[in-house]
$ cat coords25.tsv   # TSV, C-alpha atoms
chain	number	residue	atom	x	y	z
A	889	MET	CA	11.94	-12.25	13.43
A	890	LYS	CA	9.55	-14.94	14.56
A	891	GLY	CA	9.58	-18.36	12.96
A	892	VAL	CA	7.56	-18.53	9.76
A	893	LYS	CA	4.75	-21.07	9.54
A	894	GLY	CA	2.13	-21.53	6.84
A	895	LEU	CA	-1.47	-22.57	7.26
A	896	MET	CA	-4.73	-22.57	5.35
A	897	MET	CA	-7.77	-20.77	6.69
A	898	MET	CA	-11.18	-19.61	5.54
A	899	VAL	CA	-11.61	-15.85	5.40
A	900	SER	CA	-15.16	-14.50	5.49
A	901	LEU	CA	-15.30	-11.38	3.35
A	902	LEU	CA	-18.40	-9.46	4.38
A	903	VAL	CA	-18.04	-6.51	2.03
A	904	VAL	CA	-20.09	-4.79	-0.62
A	905	LEU	CA	-18.22	-2.78	-3.23
A	906	SER	CA	-19.70	0.11	-5.17
A	907	LEU	CA	-18.19	0.33	-8.64
A	908	THR	CA	-19.45	3.85	-9.33
A	909	ALA	CA	-16.56	6.10	-10.38
A	910	SER	CA	-15.97	9.09	-8.17
A	911	SER	CA	-16.00	12.54	-9.72
A	912	SER	CA	-13.51	13.92	-7.21
A	913	SER	CA	-9.86	14.00	-8.19
A	914	PRO	CA	-6.61	15.67	-7.20
A	915	SER	CA	-6.34	16.79	-10.83
A	916	ASP	CA	-9.17	17.19	-13.33
A	917	ASP	CA	-7.28	15.68	-16.25
A	918	VAL	CA	-6.53	12.39	-14.49
A	919	GLN	CA	-8.57	9.42	-15.72
A	920	GLN	CA	-9.70	7.64	-12.58
A	921	GLN	CA	-9.12	3.98	-11.93
A	922	LYS	CA	-9.71	2.38	-8.61
A	923	TRP	CA	-8.83	-0.31	-6.20
A	924	TRP	CA	-10.48	-1.08	-2.93
A	925	LYS	CA	-9.42	-1.22	0.66
A	926	TRP	CA	-11.55	-2.48	3.45
A	927	MET	CA	-11.31	-3.42	7.09
A	928	PHE	CA	-12.98	-6.65	8.11
A	929	SER	CA	-14.89	-6.37	11.34
A	930	GLY	CA	-16.27	-8.68	13.97
A	931	THR	CA	-18.15	-6.05	15.89
A	932	ALA	CA	-18.48	-5.98	19.64
A	933	SER	CA	-20.84	-3.00	19.84
A	934	SER	CA	-24.48	-3.90	20.52
A	935	SER	CA	-25.56	-1.09	18.20
A	936	ILE	CA	-24.03	-2.86	15.21
A	937	SER	CA	-25.23	-6.07	13.57
A	938	SER	CA	-23.81	-9.11	15.31
A	939	VAL	CA	-23.33	-10.75	11.92
A	940	GLY	CA	-20.40	-8.44	11.32
A	941	SER	CA	-19.81	-5.74	8.77
A	942	SER	CA	-16.99	-3.88	7.09
A	943	ILE	CA	-15.75	-0.40	6.40
A	944	VAL	CA	-15.26	0.01	2.65
A	945	LEU	CA	-13.02	2.76	1.33
A	946	PRO	CA	-12.84	3.13	-2.46
A	947	VAL	CA	-9.35	4.23	-3.45
A	948	HIS	CA	-8.53	5.94	-6.72
A	949	GLY	CA	-5.39	6.25	-8.82
A	950	ASP	CA	-2.92	4.03	-10.67
A	951	VAL	CA	0.69	2.86	-10.70
A	952	TYR	CA	1.35	4.66	-14.00
A	953	PRO	CA	1.16	7.38	-15.24
A	954	ASN	CA	0.11	9.04	-11.98
A	955	GLY	CA	2.02	6.85	-9.55
A	956	LEU	CA	-0.33	7.43	-6.64
A	957	TYR	CA	-3.43	6.10	-4.93
A	958	TYR	CA	-5.65	8.14	-2.66
A	959	VAL	CA	-8.65	7.58	-0.43
A	960	GLU	CA	-11.23	10.14	0.65
A	961	LEU	CA	-11.69	10.44	4.42
A	962	ASN	CA	-14.18	12.76	6.12
A	963	VAL	CA	-12.84	14.41	9.29
A	964	GLY	CA	-14.26	16.91	11.78
A	965	GLN	CA	-17.64	18.32	12.75
A	966	PRO	CA	-19.13	19.07	10.32
A	967	PRO	CA	-17.18	16.46	8.30
A	968	LYS	CA	-14.92	17.74	5.56
A	969	PRO	CA	-13.28	15.59	2.84
A	970	TYR	CA	-9.54	15.02	2.59
A	971	PHE	CA	-7.54	12.96	0.08
A	972	LEU	CA	-5.01	10.71	1.84
A	973	ASP	CA	-2.26	8.34	0.73
A	974	PRO	CA	-3.24	4.86	2.08
A	975	ASP	CA	-0.13	3.25	3.53
A	976	THR	CA	0.06	-0.18	5.17
A	977	GLY	CA	3.75	0.57	5.79
A	978	SER	CA	3.12	3.27	8.42
A	979	ASP	CA	0.85	3.75	11.42
A	980	LEU	CA	-0.07	7.38	11.98
A	981	THR	CA	-2.80	9.11	9.99
A	982	TRP	CA	-2.06	12.83	9.63
A	983	LEU	CA	-3.40	15.84	7.76
A	984	GLN	CA	-1.64	18.99	6.61
A	985	CYS	CA	-2.78	21.37	9.28
A	986	ASP	CA	-3.35	25.07	9.80
A	987	ALA	CA	-1.75	25.25	13.25
A	988	PRO	CA	-0.52	27.51	11.59
A	989	CYS	CA	1.49	25.64	8.98
A	990	ARG	CA	5.22	26.33	8.73
A	991	ARG	CA	5.81	24.25	5.60
A	992	CYS	CA	2.93	22.61	3.75
A	993	THR	CA	2.92	21.11	0.27
A	994	LYS	CA	0.34	21.67	-2.44
A	995	ALA	CA	-2.91	19.92	-1.55
A	996	PRO	CA	-6.35	19.44	-3.17
A	997	HIS	CA	-8.27	20.83	-0.17
A	998	PRO	CA	-7.86	23.70	2.32
A	999	LEU	CA	-5.65	22.92	5.31
A	1000	TYR	CA	-7.26	21.01	8.16
A	1001	ARG	CA	-8.33	23.24	11.03
A	1002	PRO	CA	-7.36	21.38	14.22
A	1003	SER	CA	-9.64	20.59	17.13
A	1004	ASN	CA	-8.65	21.53	20.69
A	1005	ASP	CA	-8.72	17.91	21.88
A	1006	LEU	CA	-4.99	17.31	22.34
A	1007	VAL	CA	-3.49	13.89	23.06
A	1008	ALA	CA	-1.42	13.98	26.26
A	1009	CYS	CA	2.26	13.14	26.33
A	1010	LYS	CA	1.76	10.06	28.52
A	1011	ASP	CA	-0.99	8.58	26.36
A	1012	PRO	CA	-0.01	5.08	25.08
A	1013	ILE	CA	-0.67	6.21	21.51
A	1014	CYS	CA	1.87	8.99	21.97
A	1015	SER	CA	4.39	6.58	23.47
A	1016	SER	CA	3.99	4.24	20.47
A	1017	LEU	CA	5.29	6.99	18.17
A	1018	HIS	CA	8.55	7.34	20.09
A	1019	SER	CA	11.31	4.80	20.63
A	1020	GLY	CA	12.47	4.22	24.20
A	1021	GLU	CA	11.99	6.90	26.84
A	1022	HIS	CA	10.81	10.23	25.54
A	1023	THR	CA	10.32	13.56	27.27
A	1024	CYS	CA	7.77	16.25	26.49
A	1025	GLU	CA	8.14	20.01	26.80
A	1026	ASP	CA	4.41	20.11	27.53
A	1027	LEU	CA	2.86	17.13	29.34
A	1028	GLN	CA	-0.55	18.00	27.89
A	1029	GLN	CA	0.71	17.72	24.31
A	1030	CYS	CA	2.16	14.93	22.16
A	1031	ASP	CA	4.57	16.02	19.45
A	1032	TYR	CA	5.59	13.69	16.63
A	1033	ASP	CA	8.27	13.63	13.94
A	1034	ILE	CA	7.87	10.95	11.25
A	1035	GLU	CA	10.29	10.18	8.44
A	1036	TYR	CA	9.52	8.01	5.41
A	1037	ALA	CA	11.75	5.83	3.25
A	1038	ASP	CA	11.46	8.22	0.29
A	1039	GLY	CA	12.97	11.08	2.33
A	1040	GLY	CA	9.67	12.75	3.15
A	1041	SER	CA	8.70	13.74	6.69
A	1042	SER	CA	5.96	15.27	8.81
A	1043	ILE	CA	6.27	17.15	12.11
A	1044	GLY	CA	3.20	17.95	14.11
A	1045	VAL	CA	1.07	17.43	17.18
A	1046	LEU	CA	-1.34	14.61	18.02
A	1047	LEU	CA	-5.01	15.38	18.62
A	1048	LYS	CA	-8.40	13.68	18.48
A	1049	ASP	CA	-11.25	14.44	16.12
A	1050	VAL	CA	-14.35	12.79	14.70
A	1051	ILE	CA	-13.85	10.59	11.63
A	1052	SER	CA	-17.00	9.63	9.71
A	1053	LEU	CA	-17.12	6.03	8.49
A	1054	ASN	CA	-19.86	3.94	6.88
A	1055	LEU	CA	-20.33	0.23	7.54
A	1056	THR	CA	-21.68	-2.05	4.82
A	1057	SER	CA	-24.50	-2.90	7.26
A	1058	GLY	CA	-25.79	0.66	6.83
A	1059	VAL	CA	-24.57	1.87	10.23
A	1060	ARG	CA	-22.69	5.19	10.26
A	1061	LEU	CA	-19.85	5.50	12.75
A	1062	SER	CA	-18.43	8.76	14.10
A	1063	PRO	CA	-15.64	7.71	16.49
A	1064	ARG	CA	-13.13	10.15	17.95
A	1065	LEU	CA	-9.71	8.96	16.86
A	1066	ALA	CA	-6.17	10.22	17.29
A	1067	LEU	CA	-4.54	11.73	14.22
A	1068	GLY	CA	-1.67	14.03	13.44
A	1069	CYS	CA	-1.91	17.76	12.80
A	1070	GLY	CA	1.08	18.14	10.49
A	1071	TYR	CA	2.39	21.70	10.43
A	1072	ASP	CA	5.86	21.07	8.92
A	1073	GLN	CA	6.14	18.75	5.90
A	1074	ILE	CA	9.07	17.92	3.66
A	1075	PRO	CA	7.99	16.14	0.46
A	1076	GLY	CA	9.75	12.92	-0.47
A	1077	VAL	CA	10.91	11.91	-3.95
A	1078	SER	CA	7.63	10.02	-4.52
A	1079	SER	CA	5.29	12.58	-2.93
A	1080	HIS	CA	2.13	13.85	-4.61
A	1081	PRO	CA	-0.28	16.73	-3.95
A	1082	LEU	CA	-2.42	15.12	-1.25
A	1083	ASP	CA	-3.84	16.25	2.10
A	1084	GLY	CA	-1.94	13.69	4.18
A	1085	VAL	CA	-1.39	10.00	4.90
A	1086	LEU	CA	-3.82	7.26	5.99
A	1087	GLY	CA	-1.72	5.00	8.23
A	1088	LEU	CA	-2.97	1.40	8.13
A	1089	GLY	CA	-0.08	-0.34	9.91
A	1090	LYS	CA	-0.30	-2.48	13.03
A	1091	GLY	CA	0.91	0.05	15.61
A	1092	LYS	CA	-1.27	1.59	18.33
A	1093	SER	CA	-1.64	4.89	16.48
A	1094	SER	CA	-3.08	3.20	13.37
A	1095	ILE	CA	-6.75	3.97	12.70
A	1096	VAL	CA	-7.36	0.22	12.38
A	1097	SER	CA	-5.87	-0.45	15.81
A	1098	GLN	CA	-7.86	2.38	17.37
A	1099	LEU	CA	-11.13	1.13	15.87
A	1100	HIS	CA	-10.29	-2.37	17.08
A	1101	ASN	CA	-9.58	-1.11	20.59
A	1102	GLN	CA	-13.00	0.57	20.62
A	1103	GLY	CA	-14.60	-2.76	19.73
A	1104	LEU	CA	-15.72	-1.62	16.28
A	1105	VAL	CA	-13.65	-3.78	13.90
A	1106	ARG	CA	-11.27	-6.70	13.89
A	1107	ASN	CA	-7.62	-5.75	13.55
A	1108	VAL	CA	-7.47	-6.87	9.93
A	1109	VAL	CA	-6.84	-4.85	6.76
A	1110	GLY	CA	-7.27	-6.02	3.19
A	1111	HIS	CA	-6.73	-4.44	-0.20
A	1112	CYS	CA	-7.36	-5.37	-3.80
A	1113	PHE	CA	-5.77	-3.44	-6.68
A	1114	SER	CA	-7.56	-3.52	-10.02
A	1115	GLY	CA	-5.13	-4.22	-12.85
A	1116	ARG	CA	-7.43	-2.17	-15.08
A	1117	GLY	CA	-7.21	0.81	-13.61
A	1118	GLY	CA	5.14	0.17	6.47
A	1119	GLY	CA	5.74	-1.32	10.05
A	1120	ARG	CA	5.98	-3.07	6.73
A	1121	TYR	CA	4.52	-6.56	6.57
A	1122	SER	CA	6.86	-9.45	5.95
A	1123	PRO	CA	5.91	-13.04	5.08
A	1124	GLY	CA	9.54	-14.08	5.61
A	1125	PHE	CA	12.33	-15.29	3.37
A	1126	ALA	CA	11.79	-16.40	-0.21
A	1127	GLU	CA	13.38	-17.89	-3.29
A	1128	LEU	CA	12.99	-16.07	-6.62
A	1129	ILE	CA	11.50	-18.17	-9.43
A	1130	LEU	CA	11.62	-17.14	-13.11
A	1131	GLY	CA	9.54	-19.01	-15.67
A	1132	GLY	CA	8.91	-21.83	-13.20
A	1133	LYS	CA	12.61	-22.43	-12.59
A	1134	SER	CA	14.82	-21.36	-9.70
A	1135	THR	CA	17.09	-18.39	-10.29
A	1136	GLY	CA	19.38	-19.55	-7.51
A	1137	LEU	CA	18.48	-16.44	-5.55
A	1138	LYS	CA	17.34	-17.64	-2.12
A	1139	ASN	CA	16.82	-16.36	1.43
A	1140	LEU	CA	15.47	-13.05	0.17
A	1141	LEU	CA	13.89	-10.97	2.94
A	1142	VAL	CA	10.57	-9.85	1.45
A	1143	VAL	CA	8.24	-7.13	2.72
A	1144	PHE	CA	4.87	-5.88	1.42
A	1145	ASP	CA	4.22	-2.14	1.32
A	1146	SER	CA	1.18	-0.51	-0.31
A	1147	GLY	CA	2.92	2.86	0.03
A	1148	SER	CA	5.28	1.92	-2.81
A	1149	SER	CA	4.08	2.05	-6.42
A	1150	TYR	CA	6.84	-0.19	-7.75
A	1151	THR	CA	8.60	-3.36	-6.59
A	1152	TYR	CA	12.20	-3.14	-5.39
A	1153	LEU	CA	14.88	-5.85	-5.14
A	1154	ASN	CA	18.25	-5.57	-3.44
A	1155	SER	CA	21.09	-4.71	-5.82
A	1156	GLN	CA	22.52	-8.22	-6.25
A	1157	THR	CA	19.11	-9.81	-6.83
A	1158	TYR	CA	18.09	-7.01	-9.17
A	1159	GLN	CA	21.22	-7.30	-11.32
A	1160	VAL	CA	20.97	-11.10	-11.61
A	1161	LEU	CA	17.29	-10.93	-12.55
A	1162	LEU	CA	17.93	-8.15	-15.05
A	1163	SER	CA	20.66	-10.23	-16.71
A	1164	MET	CA	18.27	-13.18	-17.01
A	1165	VAL	CA	15.49	-11.05	-18.46
A	1166	ARG	CA	17.82	-9.49	-21.03
A	1167	LYS	CA	19.06	-12.96	-22.01
A	1168	ASP	CA	15.49	-14.18	-22.51
A	1169	LEU	CA	14.78	-11.21	-24.79
A	1170	ASN	CA	17.59	-12.11	-27.20
A	1171	GLY	CA	16.05	-12.72	-30.61
A	1172	LYS	CA	12.76	-11.12	-29.58
A	1173	PRO	CA	11.42	-8.08	-31.52
A	1174	LEU	CA	12.28	-5.69	-28.70
A	1175	LYS	CA	15.23	-3.39	-28.21
A	1176	GLU	CA	16.13	-1.13	-25.33
A	1177	ALA	CA	14.56	2.33	-25.58
A	1178	VAL	CA	17.42	4.45	-24.27
A	1179	ASP	CA	15.50	7.63	-25.09
A	1180	ASP	CA	12.58	6.66	-22.81
A	1181	LYS	CA	13.37	7.77	-19.25
A	1182	THR	CA	10.02	6.72	-17.74
A	1183	LEU	CA	11.83	4.02	-15.72
A	1184	PRO	CA	15.48	2.94	-15.69
A	1185	LEU	CA	14.88	0.20	-18.27
A	1186	CYS	CA	12.42	0.29	-21.17
A	1187	TRP	CA	12.08	-1.56	-24.49
A	1188	LYS	CA	10.40	-0.56	-27.73
A	1189	GLY	CA	8.95	-2.56	-30.59
A	1190	LYS	CA	8.39	-1.85	-34.26
A	1191	LYS	CA	5.42	0.32	-33.27
A	1192	PRO	CA	4.24	1.78	-29.95
A	1193	PHE	CA	2.56	-0.63	-27.56
A	1194	LYS	CA	-0.84	0.14	-26.06
A	1195	SER	CA	-1.15	-2.64	-23.49
A	1196	THR	CA	1.00	-5.13	-21.60
A	1197	ARG	CA	-1.12	-7.84	-23.23
A	1198	GLU	CA	0.81	-7.16	-26.45
A	1199	VAL	CA	4.18	-7.91	-24.88
A	1200	ARG	CA	3.54	-10.41	-22.07
A	1201	LYS	CA	4.44	-13.30	-24.43
A	1202	TYR	CA	8.03	-12.06	-24.50
A	1203	PHE	CA	8.47	-12.11	-20.71
A	1204	LYS	CA	8.39	-14.96	-18.20
A	1205	PRO	CA	6.32	-14.97	-15.02
A	1206	LEU	CA	8.04	-14.45	-11.68
A	1207	ALA	CA	7.23	-15.99	-8.33
A	1208	LEU	CA	8.44	-15.77	-4.75
A	1209	SER	CA	8.49	-19.16	-3.05
A	1210	PHE	CA	8.38	-18.96	0.76
A	1211	ASP	CA	10.02	-21.69	2.79
A	1212	ASN	CA	7.66	-22.55	5.62
A	1213	GLY	CA	9.12	-25.94	6.40
A	1214	TRP	CA	6.25	-27.72	4.66
A	1215	LYS	CA	6.44	-29.79	1.48
A	1216	ALA	CA	4.14	-27.38	-0.37
A	1217	LYS	CA	5.69	-23.91	-0.34
A	1218	PRO	CA	3.36	-20.89	-0.68
A	1219	GLN	CA	4.14	-18.89	-3.80
A	1220	PHE	CA	3.41	-15.26	-4.54
A	1221	GLU	CA	3.06	-15.21	-8.31
A	1222	ILE	CA	3.96	-12.13	-10.34
A	1223	PRO	CA	2.86	-12.40	-13.99
A	1224	PRO	CA	4.48	-10.08	-16.57
A	1225	GLU	CA	1.59	-7.58	-16.38
A	1226	SER	CA	2.37	-7.22	-12.66
A	1227	TYR	CA	5.93	-6.05	-13.24
A	1228	LEU	CA	5.64	-4.22	-16.58
A	1229	ILE	CA	4.07	-0.90	-17.55
A	1230	ILE	CA	3.45	0.78	-20.91
A	1231	SER	CA	4.92	4.28	-20.98
A	1232	SER	CA	3.40	7.36	-22.60
A	1233	LYS	CA	5.83	6.79	-25.48
A	1234	GLY	CA	4.51	3.30	-26.12
A	1235	SER	CA	7.51	1.51	-24.66
A	1236	VAL	CA	7.29	-1.40	-22.24
A	1237	CYS	CA	9.17	-0.61	-19.02
A	1238	PHE	CA	10.50	-2.81	-16.21
A	1239	GLY	CA	8.56	-1.98	-13.04
A	1240	ILE	CA	11.06	-3.70	-10.75
A	1241	LEU	CA	13.73	-1.30	-9.49
A	1242	ASN	CA	17.03	-1.41	-7.60
A	1243	GLY	CA	16.09	-0.98	-3.94
A	1244	THR	CA	19.64	-0.62	-2.68
A	1245	GLU	CA	19.99	2.57	-4.73
A	1246	VAL	CA	17.06	4.17	-2.86
A	1247	GLY	CA	18.21	3.18	0.62
A	1248	LEU	CA	16.37	-0.11	1.18
A	1249	GLU	CA	19.67	-1.95	1.65
A	1250	ASN	CA	18.99	-5.71	1.63
A	1251	LEU	CA	15.18	-5.53	1.72
A	1252	ASN	CA	13.06	-6.72	-1.20
A	1253	MET	CA	9.83	-4.72	-1.30
A	1254	ILE	CA	6.66	-5.84	-3.08
A	1255	GLY	CA	4.86	-2.71	-4.24
A	1256	ASP	CA	1.45	-1.94	-5.71
A	1257	ILE	CA	2.38	-2.97	-9.26
A	1258	SER	CA	2.97	-6.59	-8.18
A	1259	MET	CA	-0.11	-6.76	-5.96
A	1260	GLN	CA	-2.55	-6.00	-8.76
A	1261	ASP	CA	-5.51	-8.40	-9.05
A	1262	LYS	CA	-4.63	-10.05	-5.77
A	1263	MET	CA	-6.48	-9.85	-2.50
A	1264	VAL	CA	-3.85	-9.21	0.16
A	1265	ILE	CA	-4.92	-9.58	3.80
A	1266	TYR	CA	-2.97	-8.27	6.82
A	1267	ASP	CA	-4.22	-9.93	10.00
A	1268	ASN	CA	-2.54	-7.74	12.62
A	1269	GLY	CA	-4.10	-9.55	15.55
A	1270	ASN	CA	-2.71	-12.94	14.57
A	1271	GLN	CA	0.50	-11.60	12.97
A	1272	GLN	CA	-0.33	-13.17	9.60
A	1273	ILE	CA	-0.39	-12.15	5.96
A	1274	GLY	CA	-2.18	-13.90	3.11
A	1275	TRP	CA	-2.99	-13.50	-0.56
A	1276	ILE	CA	-5.08	-14.99	-3.32
A	1277	PRO	CA	-5.57	-14.11	-7.02
A	1278	THR	CA	-8.96	-12.50	-7.60
A	1279	ASN	CA	-10.88	-10.11	-9.80
A	1280	CYS	CA	-10.63	-6.83	-7.93
A	1281	ASP	CA	-13.47	-5.32	-9.95
A	1282	ARG	CA	-15.97	-7.71	-8.32
A	1283	PRO	CA	-17.15	-8.05	-4.72
A	1284	PRO	CA	-15.11	-10.75	-2.95
A	1285	LYS	CA	-16.76	-13.96	-1.75
A	1286	PHE	CA	-15.77	-16.67	0.71
A	1287	GLU	CA	-12.30	-17.74	-0.31
A	1288	THR	CA	-9.47	-19.95	0.87
A	1289	MET	CA	-6.06	-18.39	1.02
A	1290	SER	CA	-2.61	-19.04	2.37
A	1291	MET	CA	-1.91	-17.15	5.59
A	1292	ARG	CA	1.62	-16.76	6.91
A	1293	SER	CA	2.74	-15.61	10.34
A	1294	GLU	CA	5.30	-12.81	10.46

$ encode --input "coords25.tsv" --output "structure tokens"
Amino acid sequence: MKGVKGLMMMVSLLVVLSLTASSSSPSDDVQQQKWWKWMFSGTASSSISSVGSSIVLPVHGDVYPNGLYYVELNVGQPPKPYFLDPDTGSDLTWLQCDAPCRRCTKAPHPLYRPSNDLVACKDPICSSLHSGEHTCEDLQQCDYDIEYADGGSSIGVLLKDVISLNLTSGVRLSPRLALGCGYDQIPGVSSHPLDGVLGLGKGKSSIVSQLHNQGLVRNVVGHCFSGRGGGRYSPGFAELILGGKSTGLKNLLVVFDSGSSYTYLNSQTYQVLLSMVRKDLNGKPLKEAVDDKTLPLCWKGKKPFKSTREVRKYFKPLALSFDNGWKAKPQFEIPPESYLIISSKGSVCFGILNGTEVGLENLNMIGDISMQDKMVIYDNGNQQIGWIPTNCDRPPKFETMSMRSE
């Protein structure tokens, strides 16, 4: 890992957000909430405003009860809509594909019908999906096999097709981009009925990287989760703070991953924090709800809770303090409402889980629940990550934020 340094910089956010709720949904009975993802662009194309513009993708869903977010992407000619899982923790965008499909999971739309524009084996994008030297049975075709941390996987072939994108400047883009035609999927433990994955990582196969290489956008991705509603990125090592005081837990390797609904800590850190939280709750009008299996640990009050606002006074805020060698250490603050949920039974549940139990070993992963109401920026070109508290229901303005190199 490269040395970690902190710096302050101005980030120009040239985006316009539409707050109109979408009527489309993977399931009709799901109440839609939304967060926003956008790619900041400094455009090189003469056909696009030199002032710069952005691609804005409204994303729908929630951490609980649905446990998923999805974005609508239009692919093909004529363009057809597909609901994809936006994931900054992986690179390749793929669709469940009628190639024909050997194993495909339930999806909200008909299977994608592939184009005939195959990506060759020796293409750099193909090489980026394989470690070391790889051989191809067919030099004119690039096969891929991707596995995810939750046990899910996709096997398929790489091809190019038109993806329709709208800039906030009013320009409509229709670039041909490489994506996966997934004909053999195994669902993971956290999978949902979607059409595929939108890979927003920093690798060559990422849509963001491909758009950047075509001179259409800067290689920067940002997201903002509304609290009302991986190539993982790592800012480095951190110390865990509880209620403004050190827990004694230091040198924690922290990664950010929008593909995870909840936050995960390694087993030792998780157990120590859990012990401290339980100690703080002594004498409080809460007791463990052993009959509520929504998450591993839930508490109930005298009557069912409706909002985390009712219980936040019983819990202390958390923070991750990153050691950048400077006197002022950047802190990623996690208030109680960013690590608690209210279950369908009216219990308050602990949205921080044991990562070692799900195969993350010593990693500490910040998931969607803890990134709510924060603007998180991934500057792939400069290998930096930054964040700032903000109202994710409003269009962002010029802001100052802490950026950290990976």

$ atom_distance --input "coords25.tsv" --atom1 "atom CA of Ile1074 of chain A" --atom2 "atom CA of Leu983 of chain A"
13.3 Å

$ residues_near_point --input "coords25.tsv" --point "(13.7, -12.4, -17.8)" --cutoff "10 Å" --atoms "only C-alpha atoms" --output "list in words"
Leu1130, Gly1131, Val1160, Leu1161, Leu1162, Ser1163, Met1164, Val1165, Arg1166, Lys1167, Asp1168, Leu1169, Tyr1202, Phe1203, Lys1204, Pro1205, Leu1206 and Pro1224 of chain A

$ residues_around --input "coords25.tsv" --residues "Gly964 of chain A" --least-positions-apart "5" --cutoff "12 Å" --atoms "all atoms listed in the file" --output "list in words"
Pro969, Tyr970, Leu983, Tyr1000, Arg1001, Pro1002, Ser1003, Asn1004, Asp1005, Leu1047, Lys1048, Asp1049, Val1050, Ile1051, Ser1052, Leu1053, Ser1062, Pro1063, Arg1064, Leu1065, Ala1066 and Leu1067 of chain A

$ closest_residue --input "coords25.tsv" --among "A:Cys1009, A:Gly1040, A:Leu1228, A:Asn1139" --to "Leu1027 of chain A" --atoms "all atoms listed in the file"
A:Cys1009

$ atom_distance --input "coords25.tsv" --atom1 "atom CA of Gly1234 of chain A" --atom2 "atom CA of Lys1190 of chain A"
10.4 Å

$ atom_distance --input "coords25.tsv" --atom1 "atom CA of Leu945 of chain A" --atom2 "atom CA of Ser1258 of chain A"
20.8 Å

$ axis_aligned_box --input "coords25.tsv" --around "segment 972-990 of chain A" --padding-each-side "5 Å" --output "JSON"
{"center_x": 0.1, "center_y": 13.7, "center_z": 7.0, "size_x": 20.2, "size_y": 37.7, "size_z": 22.5}

$ closest_residue --input "coords25.tsv" --among "A:Leu1055, A:Ile1265, A:Ala1126, A:Cys985" --to "Asp1211 of chain A" --atoms "only C-alpha atoms"
A:Ala1126

$ closest_residue --input "coords25.tsv" --among "A:Leu1128, A:Gly1247, A:Val959, A:Pro1081" --to "Ser1155 of chain A" --atoms "only C-alpha atoms"
A:Gly1247

$ closest_residue --input "coords25.tsv" --among "A:Val1264, A:Cys1069, A:Leu1088, A:Leu1185" --to "Thr976 of chain A" --atoms "all atoms listed in the file"
A:Leu1088

$ residues_around --input "coords25.tsv" --residues "Val1085 of chain A" --least-positions-apart "2" --cutoff "8 Å" --atoms "only C-alpha atoms" --output "PDB file with C-alpha atoms, in the frame of the given file"
ATOM      1  CA  LEU A 972      -5.010  10.710   1.840  1.00  0.00           C
ATOM      2  CA  ASP A 973      -2.260   8.340   0.730  1.00  0.00           C
ATOM      3  CA  PRO A 974      -3.240   4.860   2.080  1.00  0.00           C
ATOM      4  CA  ASP A 975      -0.130   3.250   3.530  1.00  0.00           C
ATOM      5  CA  LEU A 980      -0.070   7.380  11.980  1.00  0.00           C
ATOM      6  CA  THR A 981      -2.800   9.110   9.990  1.00  0.00           C
ATOM      7  CA  TRP A 982      -2.060  12.830   9.630  1.00  0.00           C
ATOM      8  CA  LEU A 983      -3.400  15.840   7.760  1.00  0.00           C
ATOM      9  CA  ASP A1083      -3.840  16.250   2.100  1.00  0.00           C
ATOM     10  CA  GLY A1087      -1.720   5.000   8.230  1.00  0.00           C
TER      11      GLY A1087
END

$ closest_residue --input "coords25.tsv" --among "A:Val1178, A:Ala1216, A:Ala1037, A:Val1199" --to "Thr1244 of chain A" --atoms "all atoms listed in the file"
A:Ala1037

$ residues_around --input "coords25.tsv" --residues "Tyr1227 of chain A" --least-positions-apart "4" --cutoff "8 Å" --atoms "only C-alpha atoms" --output "ChimeraX atom specification"
/A:1151,1222-1223,1238-1240,1257-1258

$ residues_near_point --input "coords25.tsv" --point "(-0.9, -2.8, -10.7)" --cutoff "7 Å" --atoms "all atoms listed in the file" --output "PyMOL selection string"
chain A and resi 951+1113-1115+1226+1256-1260

$ residues_around --input "coords25.tsv" --residues "Asp1026 of chain A" --least-positions-apart "5" --cutoff "12 Å" --atoms "all atoms listed in the file" --output "MDAnalysis selection string"
chainID A and resid 1006:1010 1031 1045
